[in-house]
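J.: If it helps, the file is called final.csv and holds CSV, C-alpha atoms and all ligand atoms:
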chain,number,residue,atom,x,y,z
A,127,MET,CA,-21.5,-11.8,-2.0
A,128,ILE,CA,-23.2,-11.2,1.3
A,129,LYS,CA,-22.0,-12.5,4.7
A,130,TYR,CA,-24.7,-13.1,7.3
A,131,LYS,CA,-24.2,-13.9,10.8
A,132,LEU,CA,-26.7,-16.8,11.5
A,133,ILE,CA,-27.9,-18.2,14.7
A,134,CYS,CA,-29.5,-21.5,15.5
A,135,LYS,CA,-32.7,-21.1,17.5
A,136,ASP,CA,-32.3,-24.5,19.0
A,137,CYS,CA,-28.8,-24.5,20.3
A,138,ASP,CA,-27.8,-20.9,20.0
A,139,LEU,CA,-24.8,-21.6,17.8
A,140,LYS,CA,-23.7,-18.5,15.9
A,141,PHE,CA,-21.9,-18.9,12.6
A,142,ASP,CA,-21.1,-16.9,9.5
A,143,SER,CA,-22.3,-17.9,6.1
A,144,TRP,CA,-21.9,-16.5,2.6
A,145,PHE,CA,-24.7,-16.0,0.1
A,146,ALA,CA,-24.7,-14.8,-3.4
A,147,SER,CA,-27.5,-12.4,-2.4
A,148,SER,CA,-30.2,-11.9,0.2
A,149,ASN,CA,-32.6,-13.6,-2.1
A,150,GLU,CA,-30.5,-16.7,-2.1
A,151,TYR,CA,-30.5,-16.7,1.7
A,152,GLU,CA,-34.3,-16.6,1.7
A,153,ARG,CA,-34.5,-19.3,-1.0
A,154,LEU,CA,-32.2,-21.7,0.9
A,155,LYS,CA,-34.0,-21.0,4.2
A,156,LYS,CA,-37.4,-21.7,2.6
A,157,LYS,CA,-36.2,-25.0,1.2
A,158,LYS,CA,-34.7,-25.8,4.6
A,159,PHE,CA,-31.2,-26.1,3.2
A,160,LEU,CA,-29.8,-24.0,6.0
A,161,ASN,CA,-29.1,-26.1,8.9
A,162,CYS,CA,-27.0,-25.9,12.1
A,163,HIS,CA,-23.6,-27.6,12.0
A,164,ASN,CA,-24.0,-28.4,15.7
A,165,CYS,CA,-27.5,-29.8,16.1
A,166,ASN,CA,-28.7,-30.0,12.5
A,167,SER,CA,-31.7,-27.9,13.3
A,168,VAL,CA,-33.2,-25.9,10.4
A,169,LYS,CA,-34.4,-23.2,12.7
A,170,ILE,CA,-31.8,-20.8,11.4
A,171,GLU,CA,-32.2,-17.1,11.6
A,172,LYS,CA,-30.2,-14.1,10.5
A,173,THR,CA,-28.9,-12.1,13.4
A,174,ILE,CA,-29.8,-8.4,13.2
A,175,MET,CA,-26.3,-7.5,12.2
A,176,ALA,CA,-25.9,-5.5,9.0
A,177,PRO,CA,-24.8,-7.6,6.1
A,178,GLN,CA,-21.2,-7.1,5.0
A,179,LEU,CA,-20.6,-6.7,1.3
A,180,ILE,CA,-17.5,-7.8,-0.5
A,181,SER,CA,-16.7,-7.2,-4.1
A,182,HIS,CA,-16.8,-10.1,-6.6
A,183,LYS,CA,-13.3,-9.7,-7.8
A,184,PRO,CA,-10.5,-10.3,-5.5
A,185,LYS,CA,-7.5,-8.0,-5.9
A,186,THR,CA,-5.1,-9.4,-8.4
A,187,ASP,CA,-1.4,-9.6,-7.7
A,188,GLU,CA,-0.9,-7.0,-10.4
A,189,LYS,CA,-3.1,-4.5,-8.7
A,190,VAL,CA,-1.4,-5.1,-5.4
A,191,LYS,CA,1.9,-4.6,-7.0
A,192,LEU,CA,0.8,-1.4,-8.6
A,193,GLU,CA,-0.5,-0.1,-5.3
A,194,LYS,CA,2.7,-0.9,-3.6
A,195,TYR,CA,4.6,0.8,-6.4
A,196,ASN,CA,2.4,3.9,-6.2
A,197,ILE,CA,3.1,4.1,-2.4
A,198,VAL,CA,6.8,3.9,-3.0
A,199,LYS,CA,6.5,6.4,-5.8
A,200,LYS,CA,4.6,8.8,-3.6
A,201,THR,CA,7.3,8.5,-0.9
A,202,ILE,CA,10.0,9.2,-3.4
A,203,LYS,CA,8.0,12.2,-4.8
A,204,ASP,CA,7.5,13.6,-1.3
A,205,TYR,CA,11.2,13.2,-0.7
A,206,GLN,CA,12.0,14.8,-4.0
A,207,LYS,CA,9.8,17.7,-3.1
A,208,PHE,CA,11.6,18.1,0.2
A,209,ILE,CA,14.9,18.1,-1.5
A,210,LYS,CA,13.8,20.6,-4.1
A,211,ASN,CA,12.7,23.0,-1.4
A,212,ASN,CA,15.7,22.6,0.8
A,213,PHE,CA,18.7,21.9,-1.5
A,214,ASP,CA,20.3,23.6,-4.5
A,215,TYR,CA,20.1,21.8,-7.8
A,216,VAL,CA,23.6,21.6,-9.4
A,217,GLY,CA,22.8,19.2,-12.2
A,218,ASP,CA,25.7,17.2,-13.6
A,219,ASN,CA,28.1,19.3,-11.5
A,220,PHE,CA,27.3,17.4,-8.4
A,221,ALA,CA,30.7,16.0,-7.8
A,222,TYR,CA,32.4,19.3,-8.5
A,223,GLU,CA,30.0,21.3,-6.2
A,224,ALA,CA,30.3,18.7,-3.5
A,225,ARG,CA,34.1,19.0,-3.5
A,226,SER,CA,34.0,22.8,-3.5
A,227,ILE,CA,31.7,22.7,-0.5
A,228,HIS,CA,33.9,20.2,1.2
A,229,TYR,CA,37.3,21.7,0.4
A,230,ASN,CA,36.6,25.4,0.2
A,231,GLY,CA,34.1,25.6,3.0
A,232,LYS,CA,31.6,27.0,0.6
A,233,LYS,CA,28.4,27.7,2.3
A,234,SER,CA,25.5,25.7,1.1
A,235,LYS,CA,22.2,24.5,2.4
A,236,GLY,CA,22.9,21.3,0.6
A,237,ILE,CA,23.0,20.3,-3.0
A,238,TYR,CA,21.5,17.7,-5.2
A,239,GLY,CA,22.2,16.6,-8.8
A,240,SER,CA,23.4,13.8,-10.9
A,241,ALA,CA,26.5,11.9,-10.2
A,242,SER,CA,27.8,8.6,-11.4
A,243,LYS,CA,28.5,5.7,-9.1
A,244,GLU,CA,32.2,6.3,-9.6
A,245,ASP,CA,31.8,9.9,-8.5
A,246,LEU,CA,30.0,8.8,-5.4
A,247,LYS,CA,32.6,6.3,-4.6
A,248,GLU,CA,35.4,8.9,-5.0
A,249,LEU,CA,33.6,11.4,-2.9
A,250,LYS,CA,33.1,8.9,-0.2
A,251,GLU,CA,36.8,8.0,-0.3
A,252,GLU,CA,37.5,11.7,0.1
A,253,GLY,CA,35.3,11.8,3.2
A,254,ILE,CA,32.5,13.7,1.5
A,255,ASP,CA,29.1,12.6,2.6
A,256,ALA,CA,26.9,12.0,-0.4
A,257,GLN,CA,23.9,9.8,-0.7
A,258,MET,CA,22.3,8.2,-3.7
A,259,ILE,CA,18.5,8.1,-3.7
A,260,SER,CA,15.9,6.9,-6.2
A,261,TRP,CA,14.7,9.7,-8.4
A,262,ILE,CA,11.7,9.8,-10.5
A,263,ASP,CA,11.8,11.9,-13.6
A,264,GLU,CA,9.0,14.4,-13.8
A,265,LYS,CA,8.2,13.3,-17.3
A,266,GLU,CA,7.0,10.0,-15.9
A,267,ASN,CA,3.9,11.7,-14.5
B,1,ZN,ZN,-28.1,-25.8,16.5
Here is a file; write its structure as structure tokens.

T.:
Amino acid sequence: MIKYKLICKDCDLKFDSWFASSNEYERLKKKKFLNCHNCNSVKIEKTIMAPQLISHKPKTDEKVKLEKYNIVKKTIKDYQKFIKNNFDYVGDNFAYEARSIHYNGKKSKGIYGSASKEDLKELKEEGIDAQMISWIDEKEN
């Protein structure tokens, strides 16, 4: 589809119109099918503006969803990268390690690992600050 800005030579009305192609525009104009909404004049001309193109297929919901998902996924991946660079991985020992940092004053730049919801709940009750984040398995790439 091509969008042209058209102008009526009689009343100066400017309006946008869509055509399947530039040929279609010429064809309609020749047959005097193009007329002004305002004064009904057929003296319609294209303004010199470059035509704008649009793809035939509108984005489907699926594509939009996938794009959104990819954006979220990228955000999580960036976050994961940050965590990997700045935190120590403790695997399934997360709750244990978190406690030893908390109770023994063990020095740590921060840890990450797997913990169950129950673990997190218990840690929270003990005043240990732990956060659950979405994590994408590398294998999903
Ligand atoms: Zn007109």

J.: Could you tell me, counting only C-alpha atoms and all ligand atoms, which protein and nucleic acid residues lie no more than 12 Å from ligand ZN 1 (chain B), written as a ChimeraX atom specification?

T.: /A:132-141,160-171

J.: For the residues in the current selection, export C-alpha atoms as a PDB file, in the frame of the given file.

T.:
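Everything below was put into selection-v3.pdb:
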ATOM      1  CA  LEU A 132     -26.700 -16.800  11.500  1.00  0.00           C
ATOM      2  CA  ILE A 133     -27.900 -18.200  14.700  1.00  0.00           C
ATOM      3  CA  CYS A 134     -29.500 -21.500  15.500  1.00  0.00           C
ATOM      4  CA  LYS A 135     -32.700 -21.100  17.500  1.00  0.00           C
ATOM      5  CA  ASP A 136     -32.300 -24.500  19.000  1.00  0.00           C
ATOM      6  CA  CYS A 137     -28.800 -24.500  20.300  1.00  0.00           C
ATOM      7  CA  ASP A 138     -27.800 -20.900  20.000  1.00  0.00           C
ATOM      8  CA  LEU A 139     -24.800 -21.600  17.800  1.00  0.00           C
ATOM      9  CA  LYS A 140     -23.700 -18.500  15.900  1.00  0.00           C
ATOM     10  CA  PHE A 141     -21.900 -18.900  12.600  1.00  0.00           C
ATOM     11  CA  LEU A 160     -29.800 -24.000   6.000  1.00  0.00           C
ATOM     12  CA  ASN A 161     -29.100 -26.100   8.900  1.00  0.00           C
ATOM     13  CA  CYS A 162     -27.000 -25.900  12.100  1.00  0.00           C
ATOM     14  CA  HIS A 163     -23.600 -27.600  12.000  1.00  0.00           C
ATOM     15  CA  ASN A 164     -24.000 -28.400  15.700  1.00  0.00           C
ATOM     16  CA  CYS A 165     -27.500 -29.800  16.100  1.00  0.00           C
ATOM     17  CA  ASN A 166     -28.700 -30.000  12.500  1.00  0.00           C
ATOM     18  CA  SER A 167     -31.700 -27.900  13.300  1.00  0.00           C
ATOM     19  CA  VAL A 168     -33.200 -25.900  10.400  1.00  0.00           C
ATOM     20  CA  LYS A 169     -34.400 -23.200  12.700  1.00  0.00           C
ATOM     21  CA  ILE A 170     -31.800 -20.800  11.400  1.00  0.00           C
ATOM     22  CA  GLU A 171     -32.200 -17.100  11.600  1.00  0.00           C
TER      23      GLU A 171
END

J.: Which of these residues is nearest to Ser242 in chain A, using all atoms listed in the file: A:Asn219, A:Arg225, A:Asp263, A:Glu150?

T.: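 Closest to Ser242 in chain A, using all atoms listed in the file: A:Asn219.
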
J.: Between A:Gln257, A:Asn230, A:Thr186, A:Thr201, which one has atoms that come closest to Lys243 in chain A, using all atoms listed in the file?

T.: A:Gln257

J.: Separation of CA of Ser226 in chain A and CA of Ile259 in chain A, in Å?

T.: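 Those two atoms sit 21.4 Å apart.
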